[in-house]
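Trainee: Below you'll find the structure I mean.
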Amino acid sequence: MNIKPCKIEGLWIIEPRVFGDERGYFFESFRMDLFRKTTGFQGDFVQDNESLSSKGVLRGLHFQMPPMAQAKLVRVVQGAVLDVVVDIRKSSPTYGQFEIVKLDAQSKNIFFVPEGFAHGFQTLEDNTIFQYKCSNYYSKEHEMGLQWNDPTLNIPWIPDNYIISEKDHHQSAFENFETVFD
């Protein structure tokens with residue numbers, strides 16, 4: 001397992017070692033001991049989520065406010081996504097910047113997103129299955145989001161006939177957002 005930092009501090013890509021033969025393949029998708037040693041993450045993952053989406057679905061940019069903030073460990077089981085996170089930590093030198101990672105079933109890469117980031121993804125294939133571990137439980141009253149197409153952020157989503165929930169059409173503009181993350 002290879003765990004590599006991204007350009008924005010706190011974000012990590014996990015590249016599992018995949019062992020394949022005529023039967024198929026095997027890989028460790030997660031090992032807490034190696035993950036903690038490399039990233040310094042000291043939390044626990046308490047909830048697993050999974051979504052199925054058709055091509056062009058765009059979900060996000062979501063996060064939860066403290067005390068229910070979540071770190072996420074995300075991966076694609078089937079299909080492919082463009083995974084996007086925005087740094088919303090006010091003391092971070094990369095505040096307001098984004099990181100984009102392509103995740104797909106073929107590479108089996110995993111993306112770690114700590115607390116203090118808004119997260120979203122766009123599906124690139126039909127029948128994409130997206131899984132993620134969360135370090136805290138879902139809490140509707142702590143849930144927030146940023147506009148996926150905010151002109152201040154200027155995220156280069158892949159042009160498509162986006163399929164977006166009504167909720168995601170009405171998220172906060174970044175310029176009006178006041179973060180509580182340090």
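Ordering of the structure tokens sets the chain letters (A, B, ...); residue numbers start at 1 within each chain; ligands are numbered from 1 in the order shown.
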Can you list every residue in range 6-172 of chain A that DSSP puts in strand (DSSP E or B), as JSON, numbers by chain?
Mentor: {"A": [12, 13, 14, 15, 19, 20, 21, 24, 25, 26, 47, 48, 49, 50, 51, 52, 53, 57, 58, 59, 60, 61, 62, 63, 64, 72, 73, 74, 75, 76, 77, 78, 80, 81, 82, 83, 84, 85, 86, 87, 89, 98, 99, 100, 101, 102, 103, 104, 110, 111, 112, 113, 117, 118, 119, 120, 121, 122, 123, 128, 129, 130, 131, 132, 133, 134, 143, 144, 145, 146, 163, 172]}
Trainee: Tell me which protein, DNA and RNA residues are within 7 Å of Phe63 in chain A, counting only C-alpha atoms, leaving out same-chain ones fewer than 3 positions away, and put them as a VMD selection string.
Mentor: chain A and resid 117 to 119 143 to 145
Trainee: Please, could you write that set of residues out with N, CA and C atoms as a short mmCIF file (atom, residue, chain, number, x, y, z; two decimals), in the first residue's frame?
Mentor:
```cif
data_model
loop_
_atom_site.label_atom_id
_atom_site.label_comp_id
_atom_site.auth_asym_id
_atom_site.auth_seq_id
_atom_site.Cartn_x
_atom_site.Cartn_y
_atom_site.Cartn_z
N PHE A 117 -12.93 20.32 4.82
CA PHE A 117 -13.01 20.34 3.37
C PHE A 117 -14.46 20.10 2.94
N ALA A 118 -14.90 20.85 1.94
CA ALA A 118 -16.18 20.56 1.29
C ALA A 118 -15.87 19.51 0.22
N HIS A 119 -16.75 18.54 0.06
CA HIS A 119 -16.49 17.40 -0.83
C HIS A 119 -17.64 17.20 -1.81
N GLU A 143 -25.36 19.60 8.59
CA GLU A 143 -25.01 19.49 7.17
C GLU A 143 -25.04 20.87 6.49
N MET A 144 -24.01 21.11 5.69
CA MET A 144 -23.93 22.36 4.91
C MET A 144 -23.32 22.06 3.55
N GLY A 145 -23.28 23.07 2.71
CA GLY A 145 -22.68 22.89 1.41
C GLY A 145 -22.33 24.20 0.75
#
```
Trainee: Using only C-alpha atoms for the distances, tell me which of A:Arg59, A:Lys133, A:Gln106, A:Pro114 is nearest to Asn149 in chain A.
Mentor: A:Arg59
Trainee: Near Asn2 in chain A, counting only C-alpha atoms, which residues have an atom at most 9 Å away, once you skip same-chain residues fewer than 5 positions from it, shown as a PyMOL selection string?
Mentor: chain A and resi 13-17
Trainee: Can you list, as a list in words, every protein, DNA or RNA residue that comes within 12 Å of Pro93 in chain A when you count only C-alpha atoms, leaving out same-chain residues fewer than 4 positions away?
Mentor: Lys7, Ile8, Glu9, Gly10, Asp87, Ile88, Arg89, Gln97, Phe98 and Asp182 of chain A
Trainee: Could you save the residues just selected, with C-alpha atoms, as a PDB file, in the first residue's frame?
Mentor:
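Below you can see again-v8.pdb, which holds the result:
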```pdb
ATOM      1  CA  LYS A   7      -0.648  19.235  -3.125  1.00  0.00           C
ATOM      2  CA  ILE A   8      -3.057  20.542  -0.442  1.00  0.00           C
ATOM      3  CA  GLU A   9      -1.866  19.617   3.045  1.00  0.00           C
ATOM      4  CA  GLY A  10      -3.998  17.003   4.791  1.00  0.00           C
ATOM      5  CA  ASP A  87     -10.252  23.696   1.526  1.00  0.00           C
ATOM      6  CA  ILE A  88     -12.495  25.579   3.987  1.00  0.00           C
ATOM      7  CA  ARG A  89      -9.936  25.846   6.830  1.00  0.00           C
ATOM      8  CA  GLN A  97      -8.428  26.214  -3.242  1.00  0.00           C
ATOM      9  CA  PHE A  98      -9.570  22.885  -4.591  1.00  0.00           C
ATOM     10  CA  ASP A 182      -9.343  26.599  11.639  1.00  0.00           C
TER      11      ASP A 182
END
```
Trainee: Give me, please, the distance in Å between CA of Ser53 in chain A and CA of Phe130 in chain A, quoted to one decimal.
Mentor: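 Separation of CA of Ser53 in chain A and CA of Phe130 in chain A: 8.1 Å.
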Trainee: Just the residues within 10 Å of Ile155 in chain A, please, counting only C-alpha atoms, with nothing from its chain fewer than 5 positions along; format it as a ChimeraX atom specification.
Mentor: /A:84-86,97-100,148-150
Trainee: Between A:Glu125, A:Ala105, A:Gln131, A:Lys90, which is the closest to Glu178 in chain A once you count only C-alpha atoms?
Mentor: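 The closest residue to Glu178 in chain A is A:Lys90.
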Trainee: Find the residue from A:Gln42, A:Asn49, A:Gln122, A:Gln70 that sits nearest to Pro156 in chain A; use only C-alpha atoms when measuring.
Mentor: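 For Pro156 in chain A, the nearest of the candidates is A:Gln122.
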